[in-house]
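Text of coords39.cif, listed as mmCIF, C-alpha atoms and all ligand atoms:
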```
data_model
loop_
_atom_site.label_atom_id
_atom_site.label_comp_id
_atom_site.auth_asym_id
_atom_site.auth_seq_id
_atom_site.Cartn_x
_atom_site.Cartn_y
_atom_site.Cartn_z
CA MET A 29 -185.73 34.94 117.85
CA THR A 30 -183.58 31.91 117.46
CA THR A 31 -184.09 28.15 117.41
CA VAL A 32 -181.37 26.42 119.43
CA ALA A 33 -180.51 22.72 119.52
CA VAL A 34 -178.45 21.28 122.39
CA VAL A 35 -176.72 18.07 121.35
CA GLY A 36 -175.82 15.99 124.42
CA ALA A 37 -178.52 17.76 126.43
CA THR A 38 -178.62 15.01 129.08
CA GLY A 39 -174.88 15.19 129.84
CA ALA A 40 -173.01 17.23 132.44
CA VAL A 41 -172.18 20.06 130.00
CA GLY A 42 -175.45 19.80 128.03
CA ARG A 43 -177.52 20.29 131.19
CA GLU A 44 -175.35 23.29 132.09
CA MET A 45 -175.90 24.67 128.57
CA LEU A 46 -179.66 24.54 129.12
CA ARG A 47 -179.31 26.19 132.54
CA THR A 48 -177.05 28.88 131.02
CA LEU A 49 -179.48 29.67 128.18
CA GLU A 50 -182.21 29.98 130.82
CA ARG A 51 -180.16 32.04 133.30
CA ARG A 52 -179.01 34.51 130.65
CA ASN A 53 -182.48 34.84 129.08
CA PHE A 54 -181.12 33.79 125.71
CA PRO A 55 -183.74 34.90 123.17
CA ALA A 56 -184.63 31.43 121.88
CA LYS A 57 -188.06 30.90 120.38
CA ARG A 58 -187.50 27.14 120.60
CA VAL A 59 -184.97 24.87 122.29
CA ILE A 60 -184.50 21.29 121.11
CA ALA A 61 -182.82 18.74 123.39
CA LEU A 62 -180.94 16.00 121.54
CA ALA A 63 -179.07 12.97 122.88
CA SER A 64 -178.51 9.31 122.05
CA GLU A 65 -181.16 6.64 121.70
CA ARG A 66 -180.49 5.72 125.35
CA SER A 67 -182.21 8.83 126.70
CA ALA A 68 -184.66 9.63 123.89
CA GLY A 69 -188.06 10.34 125.43
CA SER A 70 -186.68 11.42 128.80
CA LYS A 71 -187.69 14.83 130.15
CA LEU A 72 -185.64 17.91 131.02
CA ASP A 73 -186.81 21.11 132.70
CA PHE A 74 -186.25 24.31 130.78
CA ASN A 75 -187.64 27.77 131.53
CA GLY A 76 -190.60 26.39 133.46
CA LYS A 77 -191.42 23.97 130.64
CA THR A 78 -190.56 20.34 129.99
CA LEU A 79 -188.39 19.39 127.04
CA THR A 80 -188.65 15.86 125.67
CA VAL A 81 -185.25 14.56 124.64
CA GLU A 82 -185.08 13.53 120.98
CA LYS A 83 -182.70 11.05 119.43
CA LEU A 84 -179.96 12.80 117.44
CA GLY A 85 -180.23 12.06 113.74
CA PRO A 86 -179.49 13.62 110.35
CA GLU A 87 -182.94 15.24 110.31
CA SER A 88 -182.56 16.88 113.74
CA PHE A 89 -181.39 20.28 112.46
CA ALA A 90 -184.21 21.45 110.18
CA GLY A 91 -184.98 25.07 111.16
CA VAL A 92 -182.19 25.19 113.75
CA ASP A 93 -180.19 28.45 113.86
CA ILE A 94 -177.61 27.57 116.50
CA ALA A 95 -176.54 24.05 117.52
CA LEU A 96 -174.60 23.70 120.76
CA PHE A 97 -172.75 20.37 120.70
CA SER A 98 -171.41 18.53 123.75
CA ALA A 99 -171.75 14.83 123.03
CA GLY A 100 -168.13 13.84 122.46
CA ALA A 101 -165.73 14.23 119.54
CA SER A 102 -166.99 11.35 117.37
CA THR A 103 -170.58 12.66 117.49
CA SER A 104 -169.31 16.15 116.60
CA LYS A 105 -167.19 14.88 113.73
CA GLU A 106 -170.20 13.12 112.24
CA PHE A 107 -173.01 15.56 112.97
CA ALA A 108 -171.48 19.08 113.03
CA PRO A 109 -171.13 19.17 109.21
CA ILE A 110 -174.70 17.82 108.88
CA ALA A 111 -176.00 20.58 111.16
CA ALA A 112 -173.99 23.22 109.28
CA ALA A 113 -175.27 21.95 105.91
CA ALA A 114 -178.82 22.28 107.27
CA GLY A 115 -178.12 25.99 107.93
CA ALA A 116 -177.23 25.97 111.62
CA VAL A 117 -174.12 27.56 113.08
CA VAL A 118 -172.47 24.91 115.24
CA ILE A 119 -170.72 25.77 118.50
CA ASP A 120 -168.86 22.61 119.37
CA ASN A 121 -167.54 21.86 122.83
CA SER A 122 -165.57 18.76 121.80
CA SER A 123 -161.98 18.59 120.58
CA ALA A 124 -163.08 17.44 117.09
CA TRP A 125 -162.70 20.75 115.23
CA ARG A 126 -160.53 22.92 117.46
CA MET A 127 -157.33 22.78 115.45
CA ASP A 128 -158.98 22.92 112.00
CA PRO A 129 -157.57 26.11 110.40
CA ASP A 130 -161.03 26.85 108.93
CA VAL A 131 -162.72 26.67 112.34
CA PRO A 132 -162.40 29.61 114.77
CA LEU A 133 -161.49 28.66 118.33
CA VAL A 134 -163.09 31.35 120.43
CA VAL A 135 -163.05 32.78 123.93
CA PRO A 136 -165.21 35.93 123.75
CA GLU A 137 -163.04 37.89 126.21
CA VAL A 138 -159.89 37.05 124.22
CA ASN A 139 -160.47 36.71 120.46
CA PRO A 140 -164.07 37.57 119.50
CA GLY A 141 -162.75 38.86 116.14
CA ALA A 142 -162.06 35.26 115.07
CA LEU A 143 -165.83 34.81 114.63
CA THR A 144 -165.78 36.75 111.39
CA ALA A 145 -164.03 33.87 109.56
CA LEU A 146 -166.81 31.27 109.58
CA LYS A 147 -165.83 29.08 106.64
CA LYS A 148 -167.45 25.80 107.71
CA GLY A 149 -170.33 27.06 109.83
CA ILE A 150 -168.56 25.53 112.84
CA ILE A 151 -167.04 27.35 115.82
CA ALA A 152 -165.01 25.45 118.39
CA ASN A 153 -165.22 25.97 122.14
CA PRO A 154 -161.74 25.46 123.63
CA ASN A 155 -160.69 22.95 126.25
CA CYS A 156 -161.87 23.94 129.75
CA SER A 157 -158.38 24.32 131.25
CA THR A 158 -157.24 26.45 128.33
CA ILE A 159 -160.24 28.81 128.52
CA GLN A 160 -159.73 29.86 132.13
CA MET A 161 -155.98 30.26 131.61
CA VAL A 162 -156.25 32.51 128.54
CA VAL A 163 -158.97 34.68 130.10
CA ALA A 164 -156.56 35.38 132.98
CA LEU A 165 -153.42 35.78 130.86
CA LYS A 166 -154.68 37.80 127.87
CA PRO A 167 -154.59 41.18 129.68
CA LEU A 168 -150.99 40.46 130.71
CA HIS A 169 -150.04 39.27 127.21
CA ASP A 170 -151.39 42.49 125.68
CA VAL A 171 -148.97 44.55 127.75
CA ALA A 172 -145.86 42.38 128.23
CA ARG A 173 -146.12 39.60 125.58
CA ILE A 174 -145.93 36.13 127.04
CA LYS A 175 -142.81 34.12 126.32
CA HIS A 176 -143.44 30.89 128.27
CA ILE A 177 -146.18 29.43 130.49
CA VAL A 178 -145.59 26.53 132.91
CA VAL A 179 -149.01 25.29 134.04
CA SER A 180 -150.08 22.51 136.40
CA THR A 181 -153.80 21.77 136.46
CA TYR A 182 -155.96 20.31 139.24
CA GLN A 183 -158.99 19.24 137.20
CA ALA A 184 -162.44 18.41 138.55
CA THR A 185 -164.22 15.15 137.81
CA SER A 186 -167.23 16.77 136.07
CA GLY A 187 -164.90 17.53 133.15
CA LYS A 188 -165.07 13.81 132.43
CA GLY A 189 -168.87 13.75 132.44
CA HIS A 190 -171.73 12.71 134.63
CA ALA A 191 -170.54 9.11 135.18
CA ALA A 192 -167.19 10.33 136.50
CA VAL A 193 -168.81 12.52 139.18
CA GLN A 194 -171.00 9.57 140.17
CA GLU A 195 -167.91 7.36 140.50
CA LEU A 196 -166.22 9.90 142.81
CA LYS A 197 -169.35 10.09 145.01
CA ASN A 198 -169.74 6.29 145.07
CA GLN A 199 -166.09 5.83 146.03
CA ILE A 200 -166.41 8.36 148.89
CA ALA A 201 -169.44 6.41 150.18
CA GLU A 202 -167.68 3.05 149.75
CA LEU A 203 -164.56 4.25 151.57
CA GLY A 204 -166.77 5.63 154.37
CA GLN A 205 -168.25 2.17 154.78
CA GLY A 206 -164.81 0.54 154.84
CA LYS A 207 -165.34 -1.04 151.40
CA ALA A 208 -162.89 -1.16 148.50
CA PRO A 209 -163.75 1.57 145.96
CA THR A 210 -165.28 0.48 142.66
CA ILE A 211 -163.22 1.72 139.70
CA ASN A 212 -164.84 1.89 136.26
CA VAL A 213 -164.53 5.37 134.79
CA PHE A 214 -161.12 6.49 136.13
CA PRO A 215 -157.86 4.58 135.63
CA ALA A 216 -157.37 4.47 139.44
CA GLN A 217 -159.15 5.39 142.68
CA ILE A 218 -160.09 9.10 142.46
CA ALA A 219 -161.55 9.60 145.96
CA LEU A 220 -158.84 10.76 148.42
CA ASN A 221 -156.33 10.64 145.57
CA VAL A 222 -154.80 12.58 142.65
CA VAL A 223 -154.72 10.80 139.31
CA SER A 224 -152.89 11.32 136.02
CA ASP A 225 -156.07 10.68 134.10
CA TRP A 226 -154.81 10.84 130.51
CA LYS A 227 -152.60 8.38 128.68
CA PRO A 228 -149.25 9.93 127.75
CA GLY A 229 -148.14 9.90 124.11
CA THR A 230 -144.70 8.80 122.97
CA ASP A 231 -143.22 12.15 124.08
CA GLY A 232 -144.70 11.68 127.58
CA TYR A 233 -147.37 14.38 127.19
CA SER A 234 -151.07 13.46 127.17
CA GLU A 235 -153.58 14.72 124.64
CA GLU A 236 -155.14 16.86 127.38
CA GLU A 237 -151.78 18.54 127.95
CA LEU A 238 -151.15 19.06 124.24
CA LYS A 239 -154.57 20.72 123.90
CA MET A 240 -153.32 23.43 126.28
CA VAL A 241 -150.16 23.86 124.18
CA HIS A 242 -151.82 24.18 120.76
CA GLU A 243 -155.10 25.86 121.74
CA THR A 244 -153.34 28.61 123.72
CA LYS A 245 -151.29 29.59 120.65
CA LYS A 246 -154.35 29.55 118.36
CA ILE A 247 -156.61 31.59 120.69
CA MET A 248 -153.91 34.14 121.54
CA GLY A 249 -152.93 34.33 117.87
CA ASP A 250 -149.25 33.92 118.77
CA SER A 251 -147.52 30.67 117.85
CA SER A 252 -144.35 31.76 119.65
CA ILE A 253 -145.89 31.31 123.12
CA GLY A 254 -144.32 28.29 124.83
CA VAL A 255 -146.58 26.15 127.05
CA THR A 256 -145.31 23.43 129.41
CA PRO A 257 -148.35 21.65 130.89
CA THR A 258 -148.98 18.95 133.49
CA CYS A 259 -152.64 17.91 133.87
CA VAL A 260 -154.03 15.84 136.73
CA ARG A 261 -157.48 15.00 138.04
CA VAL A 262 -158.39 15.77 141.66
CA PRO A 263 -161.38 14.57 143.73
CA VAL A 264 -163.40 17.75 143.17
CA VAL A 265 -166.87 17.78 141.56
CA SER A 266 -166.65 21.08 139.66
CA GLY A 267 -164.02 23.81 139.41
CA HIS A 268 -160.62 23.41 137.78
CA SER A 269 -157.59 25.00 139.51
CA GLU A 270 -154.29 25.91 137.90
CA SER A 271 -150.87 26.89 139.19
CA VAL A 272 -149.33 29.04 136.47
CA HIS A 273 -145.77 30.42 136.08
CA VAL A 274 -145.37 32.96 133.26
CA THR A 275 -142.35 34.68 131.74
CA PHE A 276 -142.72 37.70 129.44
CA HIS A 277 -140.76 39.51 126.74
CA GLU A 278 -141.16 42.69 128.82
CA PRO A 279 -140.73 42.25 132.61
CA LEU A 280 -144.07 42.49 134.46
CA SER A 281 -144.45 43.05 138.20
CA ALA A 282 -147.14 41.45 140.33
CA ALA A 283 -148.42 44.92 141.28
CA ARG A 284 -148.83 45.91 137.60
CA ALA A 285 -150.42 42.55 136.80
CA ARG A 286 -152.97 43.07 139.57
CA ASP A 287 -153.76 46.52 138.11
CA LEU A 288 -154.35 44.90 134.72
CA LEU A 289 -156.48 42.07 136.13
CA ARG A 290 -158.63 44.17 138.48
CA ASN A 291 -161.10 45.16 135.75
CA ALA A 292 -160.29 42.53 133.13
CA PRO A 293 -163.35 41.01 131.40
CA GLY A 294 -164.45 37.71 132.93
CA VAL A 295 -161.85 37.93 135.72
CA LYS A 296 -162.42 38.28 139.45
CA LEU A 297 -159.14 39.25 141.08
CA VAL A 298 -158.74 38.01 144.64
CA GLU A 299 -156.30 40.26 146.50
CA GLY A 300 -155.73 42.10 149.73
CA GLU A 301 -154.77 40.98 153.19
CA TYR A 302 -154.52 37.26 153.86
CA ARG A 303 -157.71 35.66 155.13
CA PRO A 304 -157.72 31.91 155.92
CA GLY A 305 -159.62 30.25 153.08
CA GLY A 306 -159.75 33.53 151.17
CA GLU A 307 -157.80 32.39 148.12
CA PRO A 308 -159.78 30.98 145.15
CA GLN A 309 -161.17 27.50 145.78
CA PRO A 310 -163.08 25.28 143.36
CA ILE A 311 -165.84 24.66 145.87
CA GLN A 312 -166.58 28.41 145.86
CA ALA A 313 -166.08 28.85 142.12
CA ALA A 314 -168.58 26.05 141.35
CA ASP A 315 -171.89 27.34 139.96
CA THR A 316 -170.46 30.81 139.37
CA ASP A 317 -169.27 32.51 136.16
CA PRO A 318 -165.91 34.27 136.82
CA VAL A 319 -162.35 33.15 136.32
CA TYR A 320 -160.89 33.75 139.80
CA VAL A 321 -157.26 34.84 139.88
CA GLY A 322 -155.39 34.93 143.18
CA ARG A 323 -151.90 34.59 144.64
CA VAL A 324 -150.42 36.90 141.99
CA ARG A 325 -146.73 36.89 142.95
CA ASP A 326 -143.40 38.08 141.57
CA ASP A 327 -141.32 34.99 140.91
CA LEU A 328 -138.54 34.54 143.46
CA ALA A 329 -135.96 33.22 140.98
CA VAL A 330 -136.86 34.74 137.60
CA PRO A 331 -136.97 38.58 137.55
CA GLY A 332 -140.02 39.97 135.72
CA ALA A 333 -141.88 36.62 135.80
CA LEU A 334 -145.09 35.91 137.68
CA ASN A 335 -146.91 33.08 139.47
CA LEU A 336 -150.71 32.93 139.64
CA TRP A 337 -153.46 30.65 140.97
CA ILE A 338 -156.45 30.46 138.59
CA VAL A 339 -159.76 28.78 139.44
CA SER A 340 -163.01 28.58 137.47
CA ASP A 341 -166.07 26.35 137.07
CA ASN A 342 -165.15 23.99 134.23
CA LEU A 343 -168.80 23.38 133.32
CA ARG A 344 -169.56 27.13 133.20
CA LYS A 345 -166.75 29.31 131.79
CA GLY A 346 -164.86 26.16 130.83
CA ALA A 347 -167.72 24.89 128.67
CA ALA A 348 -171.40 25.96 128.70
CA LEU A 349 -171.01 29.64 129.52
CA ASN A 350 -168.27 30.16 126.92
CA ALA A 351 -170.45 28.44 124.28
CA VAL A 352 -173.52 30.53 125.13
CA GLN A 353 -171.42 33.74 125.14
CA ILE A 354 -170.34 32.83 121.59
CA ALA A 355 -174.00 32.29 120.65
CA GLU A 356 -174.81 35.73 122.11
CA LEU A 357 -172.14 37.32 119.89
CA LEU A 358 -173.66 35.59 116.85
CA ILE A 359 -177.14 37.01 117.36
CA ARG A 360 -175.99 40.53 118.30
P1 LIG B 1 -177.16 9.98 126.52
O1 LIG B 1 -177.68 10.57 127.80
O2 LIG B 1 -178.26 9.54 125.63
O3 LIG B 1 -176.06 8.97 126.72
P2 LIG B 1 -171.51 13.18 129.67
O4 LIG B 1 -170.36 13.93 129.09
O5 LIG B 1 -172.05 13.77 130.92
O6 LIG B 1 -171.23 11.72 129.79
O7 LIG B 1 -172.71 13.32 128.58
C1 LIG B 1 -172.57 12.97 127.24
C2 LIG B 1 -173.77 13.46 126.45
O8 LIG B 1 -173.58 13.09 125.08
C3 LIG B 1 -175.07 12.81 126.87
O9 LIG B 1 -176.13 13.73 126.66
C4 LIG B 1 -175.18 11.66 125.90
O10 LIG B 1 -176.51 11.21 125.69
C5 LIG B 1 -174.69 12.31 124.64
N1 LIG B 1 -174.22 11.32 123.66
C6 LIG B 1 -173.24 10.43 123.79
N2 LIG B 1 -173.11 9.68 122.67
C7 LIG B 1 -174.04 10.14 121.80
C8 LIG B 1 -174.44 9.80 120.45
N3 LIG B 1 -173.83 8.83 119.78
N4 LIG B 1 -175.44 10.50 119.89
C9 LIG B 1 -176.07 11.49 120.56
N5 LIG B 1 -175.75 11.86 121.82
C10 LIG B 1 -174.76 11.19 122.43
#
```
Let's see the structure in the file written out as structure tokens.
Amino acid sequence: MTTVAVVGATGAVGREMLRTLERRNFPAKRVIALASERSAGSKLDFNGKTLTVEKLGPESFAGVDIALFSAGASTSKEFAPIAAAAGAVVIDNSSAWRMDPDVPLVVPEVNPGALTALKKGIIANPNCSTIQMVVALKPLHDVARIKHIVVSTYQATSGKGHAAVQELKNQIAELGQGKAPTINVFPAQIALNVVSDWKPGTDGYSEEELKMVHETKKIMGDSSIGVTPTCVRVPVVSGHSESVHVTFHEPLSAARARDLLRNAPGVKLVEGEYRPGGEPQPIQAADTDPVYVGRVRDDLAVPGALNLWIVSDNLRKGAALNAVQIAELLIR
């Protein structure tokens, strides 16, 4: 039996981590909820009991076997090595450690073997948009080897945390009352709008977009894969959507791709006759585990290339579920 600490337990992902541990009957003898001073002493429900949130500090990890971190990159940079030095294996949901060559970046359906190289006692959970994309594309890569991915994301507000979801809901209410929307968390109005939510770098690509470029290569173990990303935020609470165009070294037909995806781990293929509203939607993916793949089409202009529509709950497979699946592999 394992002692698990959840760092950032009061946040959008941290709460989902607790729910995921509970839902999957993770064999924890003790769960410790950690957050900042702001919420120390507050209560969280877990497995029919009440957890009292403790302030994160250097002493928080005594006796902890697995520490699930989701409290932002600066907290992870500071405290993941402290937790590892205290004997815990850290599974970090932030971007702090993902590209460190001594830190495995793991999606259990794609590269579980990377877990054997645990040099720092830290494992990184990839970016939410990257996770759902590689779960869907790995079975195709194994057969036809991906050359180039062009991906446009439609990312939900919960990926930016609890305060972002609240801002979307407040703006919807304000607009309904004929008021001007209050803008604090997003760079522009998010309700009834689509927003480029990340500052572009000098090359015009945002950090969020570059995460998809570099993380995809690392997880797939193939630095030759080209990724051309465009990331935007849409007024959805949970569930990221992606329009993906893929070219391969070996031509792949949509029919063959559907065959490969039908029983692929973590994937739910949506196919068959058209039904209005039948294609994957974030509102239906929310609070569920699978990566939904629909609209698998042969490209009209590029022979042997495919177009897909990929939707998954960013708080579940994109964050908490992936982290807990890694923890499950560790205790196997
Ligand atoms: P707190 O509730 O005390 O602010 P979200 O991504 O939904 O905004 O949540 C962020 C999570 O990270 C929250 O649980 C938050 O705790 C926690 N957090 C943020 N900064 C720190 C910090 N410096 N130390 C510990 N936890 C932090």
Within 8 Å of ligand LIG 1 (chain B) (counting all atoms listed in the file), which residues show up? I'd like them as a PyMOL selection string. chain A and resi 35-42+62-68+83-85+98-100+102-103+186-192
Closest pair table for stretch 219-306 of chain A residues within 10 Å of stretch 324-341 of chain A, all atoms listed in the file, as a tab-separated table:
```
residue	atom	partner	partner_atom	distance
A:Val265	CA	A:Asp341	CA	9.7
A:Ser266	CA	A:Asp341	CA	5.9
A:Gly267	CA	A:Asp341	CA	4.0
A:His268	CA	A:Val339	CA	5.7
A:Ser269	CA	A:Val339	CA	4.4
A:Glu270	CA	A:Ile338	CA	5.1
A:Ser271	CA	A:Trp337	CA	4.9
A:Val272	CA	A:Leu336	CA	5.2
A:His273	CA	A:Asn335	CA	4.5
A:Val274	CA	A:Leu334	CA	5.3
A:Thr275	CA	A:Ala333	CA	4.5
A:Phe276	CA	A:Ala333	CA	6.5
A:His277	CA	A:Gly332	CA	9.0
A:Glu278	CA	A:Gly332	CA	7.5
A:Pro279	CA	A:Gly332	CA	3.9
A:Leu280	CA	A:Gly332	CA	4.9
A:Ser281	CA	A:Gly332	CA	5.9
A:Ala282	CA	A:Asp326	CA	5.2
A:Ala283	CA	A:Val324	CA	8.3
A:Ala285	CA	A:Val324	CA	7.7
A:Arg286	CA	A:Val324	CA	7.1
A:Leu289	CA	A:Val324	CA	9.9
A:Val295	CA	A:Ser340	CA	9.6
A:Lys296	CA	A:Val339	CA	9.9
A:Leu297	CA	A:Val324	CA	9.1
A:Val298	CA	A:Val324	CA	8.8
A:Glu299	CA	A:Val324	CA	8.1
```
For A:Arg126: contacts at 10 Å, all atoms listed in the file, fewer than 2 positions along chain excluded, given as a PyMOL selection string: chain A and resi 120-124+128-134+150-155+239+242-243+246
Local residues around (-170.1, 22.2, 108.4), at most 7 Å away, using only C-alpha atoms, as a list in words: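 Every polymer residue passing the test: Ala108, Pro109, Ile110, Ala111, Ala112, Ala113, Lys148, Gly149 and Ile150 of chain A.
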Around all the atoms of stretch 345-359 of chain A listed in the file, with 5 Å of room on each side, what axis-aligned box do you get, giving centre and edge lengths in Å to one decimal, as AutoDock Vina command-line options?
```
--center_x -171.0 --center_y 31.1 --center_z 124.3 --size_x 22.3 --size_y 22.4 --size_z 24.9
```
Distance of atom CA of A:Asp250 from atom CA of A:Arg173, expressed in Å to one decimal place: 9.4 Å
Near-A:Lys57 list (7 Å; only C-alpha atoms; drop same-chain fewer than 2 positions) as number ranges by chain: A: 29-31, 55
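In this model, the gap between atom CA of A:Ala355 and atom CA of A:Ala164 comes to 21.6 Å.
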One decimal, Å: what's the distance from atom CA of A:Lys197 over to atom CA of A:Ala219, could you say?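 If I compute the distance from atom CA of A:Lys197 to atom CA of A:Ala219, I get 7.9 Å.
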Please supply stretch 140-154 of chain A, rebuilt with N, CA, C and O atoms, as a tab-separated table (two decimals), in the frame of the given file.
```
chain	number	residue	atom	x	y	z
A	140	PRO	N	-162.75	37.58	120.15
A	140	PRO	CA	-164.07	37.57	119.50
A	140	PRO	C	-163.98	37.84	118.00
A	140	PRO	O	-164.84	37.40	117.23
A	141	GLY	N	-162.92	38.53	117.57
A	141	GLY	CA	-162.75	38.86	116.14
A	141	GLY	C	-162.63	37.62	115.27
A	141	GLY	O	-162.93	37.68	114.07
A	142	ALA	N	-162.22	36.50	115.85
A	142	ALA	CA	-162.06	35.26	115.07
A	142	ALA	C	-163.39	34.78	114.50
A	142	ALA	O	-163.43	34.00	113.54
A	143	LEU	N	-164.50	35.26	115.08
A	143	LEU	CA	-165.83	34.81	114.63
A	143	LEU	C	-166.18	35.28	113.22
A	143	LEU	O	-167.13	34.76	112.62
A	144	THR	N	-165.43	36.24	112.72
A	144	THR	CA	-165.78	36.75	111.39
A	144	THR	C	-165.40	35.75	110.29
A	144	THR	O	-165.94	35.82	109.19
A	145	ALA	N	-164.49	34.83	110.59
A	145	ALA	CA	-164.03	33.87	109.56
A	145	ALA	C	-164.74	32.53	109.73
A	145	ALA	O	-164.16	31.56	110.20
A	146	LEU	N	-166.02	32.50	109.37
A	146	LEU	CA	-166.81	31.27	109.58
A	146	LEU	C	-166.91	30.46	108.29
A	146	LEU	O	-167.94	30.47	107.63
A	147	LYS	N	-165.85	29.74	107.95
A	147	LYS	CA	-165.83	29.08	106.64
A	147	LYS	C	-166.68	27.81	106.59
A	147	LYS	O	-167.23	27.47	105.56
A	148	LYS	N	-166.74	27.09	107.72
A	148	LYS	CA	-167.45	25.80	107.71
A	148	LYS	C	-168.77	25.84	108.47
A	148	LYS	O	-169.43	24.82	108.61
A	149	GLY	N	-169.12	26.99	109.01
A	149	GLY	CA	-170.33	27.06	109.83
A	149	GLY	C	-170.13	26.41	111.19
A	149	GLY	O	-171.09	26.10	111.89
A	150	ILE	N	-168.86	26.17	111.55
A	150	ILE	CA	-168.56	25.53	112.84
A	150	ILE	C	-167.60	26.43	113.61
A	150	ILE	O	-166.63	26.94	113.06
A	151	ILE	N	-167.91	26.61	114.90
A	151	ILE	CA	-167.04	27.35	115.82
A	151	ILE	C	-166.67	26.37	116.93
A	151	ILE	O	-167.54	25.63	117.42
A	152	ALA	N	-165.41	26.37	117.32
A	152	ALA	CA	-165.01	25.45	118.39
A	152	ALA	C	-164.89	26.18	119.72
A	152	ALA	O	-164.41	27.31	119.78
A	153	ASN	N	-165.36	25.51	120.77
A	153	ASN	CA	-165.22	25.97	122.14
A	153	ASN	C	-163.94	25.31	122.66
A	153	ASN	O	-163.80	24.11	122.56
A	154	PRO	N	-163.00	26.08	123.22
A	154	PRO	CA	-161.74	25.46	123.63
A	154	PRO	C	-161.89	24.50	124.81
A	154	PRO	O	-162.93	24.44	125.47
```
